[in-house]
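Shown here: query_22.txt, compact mmCIF, N, CA and C atoms.
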```txt
# COMPACT_ATOMS: atom_id res chain seq x y z
N PRO A 210 117.59 109.25 110.88
CA PRO A 210 117.02 108.96 109.58
C PRO A 210 117.09 107.46 109.27
N GLN A 211 116.25 107.05 108.37
CA GLN A 211 116.24 105.66 107.96
C GLN A 211 117.49 105.35 107.15
N LEU A 212 117.93 104.09 107.25
CA LEU A 212 119.14 103.68 106.55
C LEU A 212 119.01 103.85 105.04
N GLY A 213 117.84 103.55 104.50
CA GLY A 213 117.63 103.72 103.06
C GLY A 213 117.85 105.15 102.62
N THR A 214 117.41 106.09 103.44
CA THR A 214 117.60 107.51 103.14
C THR A 214 119.07 107.88 103.20
N VAL A 215 119.77 107.42 104.22
CA VAL A 215 121.19 107.76 104.39
C VAL A 215 122.02 107.18 103.24
N THR A 216 121.79 105.93 102.88
CA THR A 216 122.57 105.34 101.80
C THR A 216 122.25 106.00 100.47
N THR A 217 120.99 106.38 100.28
CA THR A 217 120.62 107.11 99.06
C THR A 217 121.32 108.46 99.03
N ASP A 218 121.40 109.13 100.18
CA ASP A 218 122.10 110.41 100.25
C ASP A 218 123.57 110.26 99.86
N VAL A 219 124.22 109.21 100.34
CA VAL A 219 125.63 108.97 99.99
C VAL A 219 125.76 108.82 98.47
N MET A 220 124.89 108.03 97.88
CA MET A 220 124.97 107.79 96.43
C MET A 220 124.67 109.07 95.65
N LYS A 221 123.66 109.83 96.07
CA LYS A 221 123.29 111.07 95.37
C LYS A 221 124.37 112.15 95.52
N LEU A 222 124.96 112.25 96.69
CA LEU A 222 126.02 113.23 96.88
C LEU A 222 127.21 112.92 95.98
N ALA A 223 127.55 111.66 95.86
CA ALA A 223 128.67 111.26 95.00
C ALA A 223 128.36 111.55 93.54
N GLU A 224 127.10 111.37 93.12
CA GLU A 224 126.73 111.64 91.72
C GLU A 224 126.99 113.09 91.34
N GLY A 225 126.84 114.01 92.30
CA GLY A 225 127.01 115.42 92.02
C GLY A 225 128.45 115.91 92.07
N MET A 226 129.39 115.03 92.30
CA MET A 226 130.80 115.42 92.44
C MET A 226 131.51 115.41 91.09
N SER A 227 132.69 115.97 91.08
CA SER A 227 133.52 115.94 89.88
C SER A 227 133.92 114.50 89.58
N ASP A 228 134.37 114.25 88.37
CA ASP A 228 134.76 112.89 87.98
C ASP A 228 135.88 112.35 88.87
N ALA A 229 136.82 113.19 89.23
CA ALA A 229 137.93 112.75 90.09
C ALA A 229 137.43 112.37 91.47
N ASP A 230 136.52 113.18 92.02
CA ASP A 230 135.96 112.87 93.34
C ASP A 230 135.08 111.63 93.30
N LYS A 231 134.33 111.46 92.21
CA LYS A 231 133.52 110.23 92.05
C LYS A 231 134.42 109.00 92.02
N ALA A 232 135.51 109.10 91.28
CA ALA A 232 136.42 107.97 91.15
C ALA A 232 137.03 107.60 92.50
N ALA A 233 137.29 108.59 93.34
CA ALA A 233 137.88 108.35 94.65
C ALA A 233 136.88 107.78 95.66
N ARG A 234 135.61 107.79 95.27
CA ARG A 234 134.57 107.32 96.18
C ARG A 234 133.79 106.11 95.64
N GLN A 235 134.34 105.42 94.65
CA GLN A 235 133.66 104.26 94.10
C GLN A 235 133.40 103.19 95.16
N HIS A 236 134.38 102.93 95.98
CA HIS A 236 134.21 101.91 97.01
C HIS A 236 133.21 102.36 98.07
N LEU A 237 133.25 103.62 98.45
CA LEU A 237 132.30 104.15 99.44
C LEU A 237 130.87 103.98 98.94
N VAL A 238 130.62 104.34 97.70
CA VAL A 238 129.28 104.23 97.13
C VAL A 238 128.87 102.76 97.03
N ALA A 239 129.79 101.91 96.64
CA ALA A 239 129.48 100.48 96.55
C ALA A 239 129.15 99.90 97.92
N MET A 240 129.90 100.31 98.94
CA MET A 240 129.63 99.83 100.30
C MET A 240 128.25 100.28 100.77
N ALA A 241 127.91 101.53 100.48
CA ALA A 241 126.60 102.04 100.86
C ALA A 241 125.49 101.26 100.17
N GLU A 242 125.70 100.92 98.91
CA GLU A 242 124.67 100.20 98.18
C GLU A 242 124.54 98.75 98.66
N VAL A 243 125.65 98.12 99.01
CA VAL A 243 125.57 96.77 99.58
C VAL A 243 124.74 96.81 100.85
N LEU A 244 124.98 97.79 101.69
CA LEU A 244 124.24 97.93 102.94
C LEU A 244 122.76 98.20 102.66
N ARG A 245 122.49 99.04 101.69
CA ARG A 245 121.09 99.34 101.32
C ARG A 245 120.38 98.07 100.85
N ILE A 246 121.03 97.29 100.01
CA ILE A 246 120.42 96.05 99.51
C ILE A 246 120.21 95.07 100.65
N TYR A 247 121.17 94.99 101.56
CA TYR A 247 121.04 94.08 102.70
C TYR A 247 119.77 94.39 103.49
N TYR A 248 119.57 95.65 103.84
CA TYR A 248 118.41 96.00 104.64
C TYR A 248 117.12 95.90 103.84
N ALA A 249 117.16 96.19 102.56
CA ALA A 249 115.97 96.02 101.72
C ALA A 249 115.61 94.54 101.62
N PHE A 250 116.62 93.68 101.51
CA PHE A 250 116.38 92.24 101.48
C PHE A 250 115.74 91.79 102.79
N TYR A 251 116.24 92.29 103.88
CA TYR A 251 115.69 91.94 105.20
C TYR A 251 114.21 92.30 105.27
N VAL A 252 113.86 93.50 104.82
CA VAL A 252 112.46 93.94 104.84
C VAL A 252 111.63 93.10 103.89
N SER A 253 112.15 92.83 102.71
CA SER A 253 111.42 92.03 101.73
C SER A 253 111.24 90.59 102.21
N ASP A 254 112.23 90.07 102.90
CA ASP A 254 112.14 88.70 103.40
C ASP A 254 110.98 88.57 104.39
N ILE A 255 110.71 89.61 105.13
CA ILE A 255 109.62 89.60 106.11
C ILE A 255 108.28 89.98 105.46
N ASN A 256 108.30 90.99 104.60
CA ASN A 256 107.05 91.57 104.09
C ASN A 256 106.72 91.24 102.64
N GLY A 257 107.65 90.69 101.90
CA GLY A 257 107.38 90.39 100.48
C GLY A 257 107.72 91.56 99.59
N SER A 258 106.85 91.87 98.66
CA SER A 258 107.07 92.95 97.68
C SER A 258 107.20 94.29 98.39
N LEU A 259 107.98 95.18 97.78
CA LEU A 259 108.15 96.52 98.33
C LEU A 259 108.61 97.48 97.26
N ALA A 260 108.55 98.76 97.59
CA ALA A 260 109.06 99.80 96.70
C ALA A 260 110.57 99.89 96.93
N TYR A 261 111.34 99.81 95.84
CA TYR A 261 112.80 99.86 96.01
C TYR A 261 113.46 100.81 95.02
N THR A 262 113.32 100.56 93.73
CA THR A 262 114.07 101.35 92.75
C THR A 262 113.68 102.82 92.76
N GLU A 263 112.43 103.13 93.07
CA GLU A 263 111.98 104.52 93.11
C GLU A 263 111.87 105.05 94.54
N ALA A 264 112.18 104.22 95.52
CA ALA A 264 112.06 104.63 96.93
C ALA A 264 113.15 105.62 97.31
N PHE A 265 112.84 106.46 98.28
CA PHE A 265 113.77 107.44 98.85
C PHE A 265 114.27 108.46 97.82
N GLN A 266 113.49 108.71 96.78
CA GLN A 266 113.91 109.62 95.73
C GLN A 266 113.18 110.96 95.76
N ALA A 267 112.17 111.11 96.61
CA ALA A 267 111.34 112.32 96.61
C ALA A 267 112.16 113.59 96.81
N ARG A 268 113.14 113.55 97.68
CA ARG A 268 113.93 114.76 97.94
C ARG A 268 114.85 115.13 96.77
N TYR A 269 114.97 114.23 95.80
CA TYR A 269 115.81 114.49 94.64
C TYR A 269 114.99 114.65 93.37
N GLY A 270 113.74 115.00 93.51
CA GLY A 270 112.88 115.21 92.35
C GLY A 270 112.14 113.96 91.91
N GLY A 271 112.24 112.91 92.70
CA GLY A 271 111.54 111.67 92.38
C GLY A 271 110.10 111.71 92.84
N THR A 272 109.47 110.57 92.77
CA THR A 272 108.05 110.47 93.09
C THR A 272 107.81 110.26 94.59
N PHE A 273 106.64 110.73 95.03
CA PHE A 273 106.20 110.46 96.39
C PHE A 273 105.43 109.15 96.48
N THR A 274 105.14 108.57 95.32
CA THR A 274 104.41 107.29 95.27
C THR A 274 105.20 106.31 94.41
N PRO A 275 106.29 105.76 94.95
CA PRO A 275 107.12 104.86 94.16
C PRO A 275 106.38 103.56 93.83
N LYS A 276 106.74 102.99 92.69
CA LYS A 276 106.11 101.73 92.28
C LYS A 276 106.62 100.59 93.17
N TRP A 277 105.76 99.61 93.34
CA TRP A 277 106.11 98.42 94.10
C TRP A 277 106.62 97.37 93.15
N GLU A 278 107.61 96.62 93.60
CA GLU A 278 108.17 95.54 92.79
C GLU A 278 107.97 94.22 93.50
N SER A 279 107.76 93.18 92.71
CA SER A 279 107.58 91.86 93.31
C SER A 279 108.89 91.39 93.92
N GLN A 280 108.78 90.45 94.83
CA GLN A 280 109.96 89.92 95.47
C GLN A 280 110.90 89.27 94.45
N GLN A 281 110.35 88.57 93.47
CA GLN A 281 111.20 87.93 92.46
C GLN A 281 111.94 88.97 91.62
N GLU A 282 111.26 90.06 91.25
CA GLU A 282 111.93 91.13 90.52
C GLU A 282 113.08 91.70 91.35
N LEU A 283 112.81 91.92 92.63
CA LEU A 283 113.83 92.48 93.51
C LEU A 283 115.01 91.53 93.68
N PHE A 284 114.74 90.25 93.86
CA PHE A 284 115.82 89.28 94.03
C PHE A 284 116.71 89.24 92.79
N ASN A 285 116.11 89.28 91.61
CA ASN A 285 116.89 89.28 90.37
C ASN A 285 117.72 90.56 90.25
N LEU A 286 117.09 91.69 90.56
CA LEU A 286 117.78 92.98 90.52
C LEU A 286 118.95 93.00 91.50
N TRP A 287 118.70 92.56 92.72
CA TRP A 287 119.74 92.60 93.76
C TRP A 287 120.89 91.66 93.44
N ASP A 288 120.58 90.49 92.92
CA ASP A 288 121.64 89.55 92.58
C ASP A 288 122.57 90.15 91.53
N ALA A 289 121.99 90.71 90.48
CA ALA A 289 122.81 91.31 89.41
C ALA A 289 123.61 92.50 89.95
N ARG A 290 122.98 93.34 90.75
CA ARG A 290 123.66 94.52 91.26
C ARG A 290 124.76 94.14 92.25
N LEU A 291 124.51 93.18 93.11
CA LEU A 291 125.53 92.74 94.07
C LEU A 291 126.74 92.15 93.36
N LYS A 292 126.51 91.47 92.25
CA LYS A 292 127.61 90.93 91.46
C LYS A 292 128.49 92.07 90.94
N GLU A 293 127.86 93.13 90.44
CA GLU A 293 128.60 94.30 89.96
C GLU A 293 129.35 94.98 91.10
N LEU A 294 128.68 95.12 92.23
CA LEU A 294 129.31 95.78 93.38
C LEU A 294 130.50 94.99 93.90
N ALA A 295 130.40 93.67 93.93
CA ALA A 295 131.53 92.84 94.37
C ALA A 295 132.72 93.02 93.44
N THR A 296 132.45 93.13 92.15
CA THR A 296 133.53 93.36 91.19
C THR A 296 134.18 94.72 91.43
N THR A 297 133.36 95.74 91.63
CA THR A 297 133.89 97.09 91.92
C THR A 297 134.75 97.08 93.17
N LEU A 298 134.26 96.42 94.22
CA LEU A 298 134.99 96.39 95.48
C LEU A 298 136.25 95.54 95.42
N SER A 299 136.30 94.60 94.50
CA SER A 299 137.48 93.74 94.35
C SER A 299 138.58 94.42 93.56
N ASN A 300 138.23 95.47 92.83
CA ASN A 300 139.23 96.19 92.04
C ASN A 300 140.18 96.95 92.94
N ASN A 301 141.29 97.32 92.40
CA ASN A 301 142.34 98.01 93.13
C ASN A 301 141.80 99.19 93.92
N ALA A 302 142.22 99.30 95.16
CA ALA A 302 141.73 100.36 96.04
C ALA A 302 142.59 101.61 95.99
N SER A 303 143.61 101.65 95.13
CA SER A 303 144.46 102.85 95.08
C SER A 303 143.63 104.03 94.61
N GLY A 304 143.83 105.14 95.28
CA GLY A 304 143.11 106.36 94.93
C GLY A 304 141.76 106.49 95.62
N GLN A 305 141.32 105.47 96.36
CA GLN A 305 140.05 105.54 97.08
C GLN A 305 140.25 106.26 98.41
N ILE A 306 139.23 107.00 98.83
CA ILE A 306 139.34 107.66 100.13
C ILE A 306 139.41 106.61 101.23
N ALA A 307 140.15 106.93 102.28
CA ALA A 307 140.33 105.98 103.39
C ALA A 307 139.10 106.00 104.29
N LEU A 308 138.58 104.83 104.58
CA LEU A 308 137.37 104.72 105.41
C LEU A 308 137.61 103.99 106.72
N ALA A 309 138.84 103.65 107.02
CA ALA A 309 139.14 102.80 108.17
C ALA A 309 138.50 103.28 109.46
N ASN A 310 138.53 104.56 109.73
CA ASN A 310 138.00 105.08 110.98
C ASN A 310 136.49 105.32 110.95
N PHE A 311 135.88 105.18 109.77
CA PHE A 311 134.47 105.50 109.62
C PHE A 311 133.61 104.28 109.32
N ASP A 312 134.20 103.19 108.95
CA ASP A 312 133.48 101.97 108.60
C ASP A 312 133.43 101.06 109.81
N LEU A 313 132.26 100.99 110.44
CA LEU A 313 132.12 100.19 111.66
C LEU A 313 132.00 98.70 111.36
N TYR A 314 131.73 98.34 110.13
CA TYR A 314 131.55 96.94 109.79
C TYR A 314 132.88 96.25 109.49
N TYR A 315 133.61 96.77 108.51
CA TYR A 315 134.82 96.09 108.04
C TYR A 315 136.05 96.99 108.02
N GLY A 316 136.02 98.10 108.71
CA GLY A 316 137.18 98.97 108.83
C GLY A 316 137.70 99.50 107.50
N GLY A 317 136.79 99.66 106.52
CA GLY A 317 137.20 100.19 105.23
C GLY A 317 137.83 99.17 104.30
N ASN A 318 137.84 97.90 104.67
CA ASN A 318 138.44 96.85 103.86
C ASN A 318 137.48 96.47 102.72
N ALA A 319 137.79 96.91 101.52
CA ALA A 319 136.91 96.69 100.36
C ALA A 319 136.76 95.20 100.03
N MET A 320 137.80 94.42 100.25
CA MET A 320 137.70 92.98 99.95
C MET A 320 136.69 92.30 100.87
N ARG A 321 136.63 92.73 102.11
CA ARG A 321 135.63 92.17 103.04
C ARG A 321 134.22 92.57 102.60
N TRP A 322 134.08 93.80 102.09
CA TRP A 322 132.79 94.23 101.58
C TRP A 322 132.40 93.42 100.35
N ALA A 323 133.37 93.10 99.51
CA ALA A 323 133.10 92.27 98.33
C ALA A 323 132.63 90.88 98.77
N LYS A 324 133.26 90.34 99.79
CA LYS A 324 132.83 89.04 100.33
C LYS A 324 131.43 89.14 100.92
N ALA A 325 131.13 90.24 101.58
CA ALA A 325 129.79 90.43 102.14
C ALA A 325 128.75 90.51 101.03
N ALA A 326 129.09 91.17 99.93
CA ALA A 326 128.17 91.26 98.79
C ALA A 326 127.91 89.87 98.23
N ASN A 327 128.95 89.07 98.09
CA ASN A 327 128.78 87.71 97.57
C ASN A 327 128.03 86.82 98.57
N ALA A 328 128.26 87.00 99.85
CA ALA A 328 127.53 86.23 100.85
C ALA A 328 126.04 86.59 100.82
N LEU A 329 125.74 87.85 100.60
CA LEU A 329 124.35 88.28 100.49
C LEU A 329 123.70 87.68 99.23
N ARG A 330 124.46 87.59 98.16
CA ARG A 330 123.95 86.92 96.94
C ARG A 330 123.57 85.48 97.25
N MET A 331 124.40 84.81 98.02
CA MET A 331 124.11 83.42 98.41
C MET A 331 122.84 83.36 99.26
N ARG A 332 122.71 84.28 100.17
CA ARG A 332 121.52 84.29 101.03
C ARG A 332 120.26 84.54 100.23
N ILE A 333 120.33 85.46 99.28
CA ILE A 333 119.17 85.74 98.42
C ILE A 333 118.83 84.51 97.58
N ALA A 334 119.86 83.80 97.12
CA ALA A 334 119.63 82.60 96.29
C ALA A 334 118.92 81.50 97.07
N GLN A 335 119.11 81.48 98.38
CA GLN A 335 118.45 80.47 99.19
C GLN A 335 116.97 80.70 99.20
```
Output the file's structure as structure tokens, nothing else.
Amino acid sequence: PQLGTVTTDVMKLAEGMSDADKAARQHLVAMAEVLRIYYAFYVSDINGSLAYTEAFQARYGGTFTPKWESQQELFNLWDARLKELATTLSNNASGQIALANFDLYYGGNAMRWAKAANALRMRIAQ
């Protein structure tokens, strides 16, 4: 499956969980969203405008024809969202599920993911 679909699945599955389970997966969801934004930025950098906010939602009752957003709209959206995600990932990791064996990028280290989110913000700003 496409990465956008997989990361959307992670976020949607977490939305349907109990509050306690959601709280234990805040970092997991934030990591998935950082990865989703990274790949969306990569595609936008090559192709320009694209469907993002409504994309990959059809299986969850969303539209089959998502709206397209301009590159500038996307860059502003991603910058704001990455800032929020970096803050979430920088917060205390106590009570979060352990991802060390499942995270191929940073071994479940939320601080490294926060740095990656901020580095991506810098790249988008360029």
Handout entry: Residue nearest A:Gly304 among A:Glu224, A:Thr214, A:Lys231, A:Ala289 (counting only C-alpha atoms)
Key = A:Lys231
Exercise for the section: Pick out the residues sitting within 12 Å of A:Ile246, and hand them over as a ChimeraX atom specification; count only C-alpha atoms, and ignore anything fewer than 6 positions along from it in its own chain. Expected result: /A:212-213,216-217,239-240,252-254,261-262,283-292,294,325-327,329-330,332-333
Exercise for the section: Could you pull out the residues in chain A that DSSP calls helix (DSSP H, G or I) from the backbone, as a PyMOL selection string? Expected result: chain A and resi 212-224+228-233+235-256+267-269+280-299+319-334
Exercise for the section: Once DSSP has gone over the backbone, tell me which residues of chain A are in strand (DSSP E), as number ranges by chain. Expected result: A: 259-260, 277-278
Output the selection as a CSV table (one decimal), in the frame of the given file - N, CA and C atoms for each residue.
```
chain,number,residue,atom,x,y,z
A,259,LEU,N,108.0,95.2,97.8
A,259,LEU,CA,108.2,96.5,98.3
A,259,LEU,C,108.6,97.5,97.3
A,260,ALA,N,108.6,98.8,97.6
A,260,ALA,CA,109.1,99.8,96.7
A,260,ALA,C,110.6,99.9,96.9
A,277,TRP,N,105.8,99.6,93.3
A,277,TRP,CA,106.1,98.4,94.1
A,277,TRP,C,106.6,97.4,93.2
A,278,GLU,N,107.6,96.6,93.6
A,278,GLU,CA,108.2,95.5,92.8
A,278,GLU,C,108.0,94.2,93.5
```
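The environment of stretch 313-317 of chain A within 12 Å, counting only C-alpha atoms and disregarding residues fewer than 6 places along the same chain, consists of Arg234, His236, Leu237, Ala239, Met240, Ala241, Val243, Leu244, Leu298, Ala302, Gln305, Ile306, Ala307, Ala323, Lys324 and Ala325 of chain A.
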Handout entry: Atom-to-atom span, atom N of A:Ser299 and atom CA of A:Asp312, Å
Key =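 Answer for the atom N of A:Ser299 to atom CA of A:Asp312 separation: 16.2 Å.
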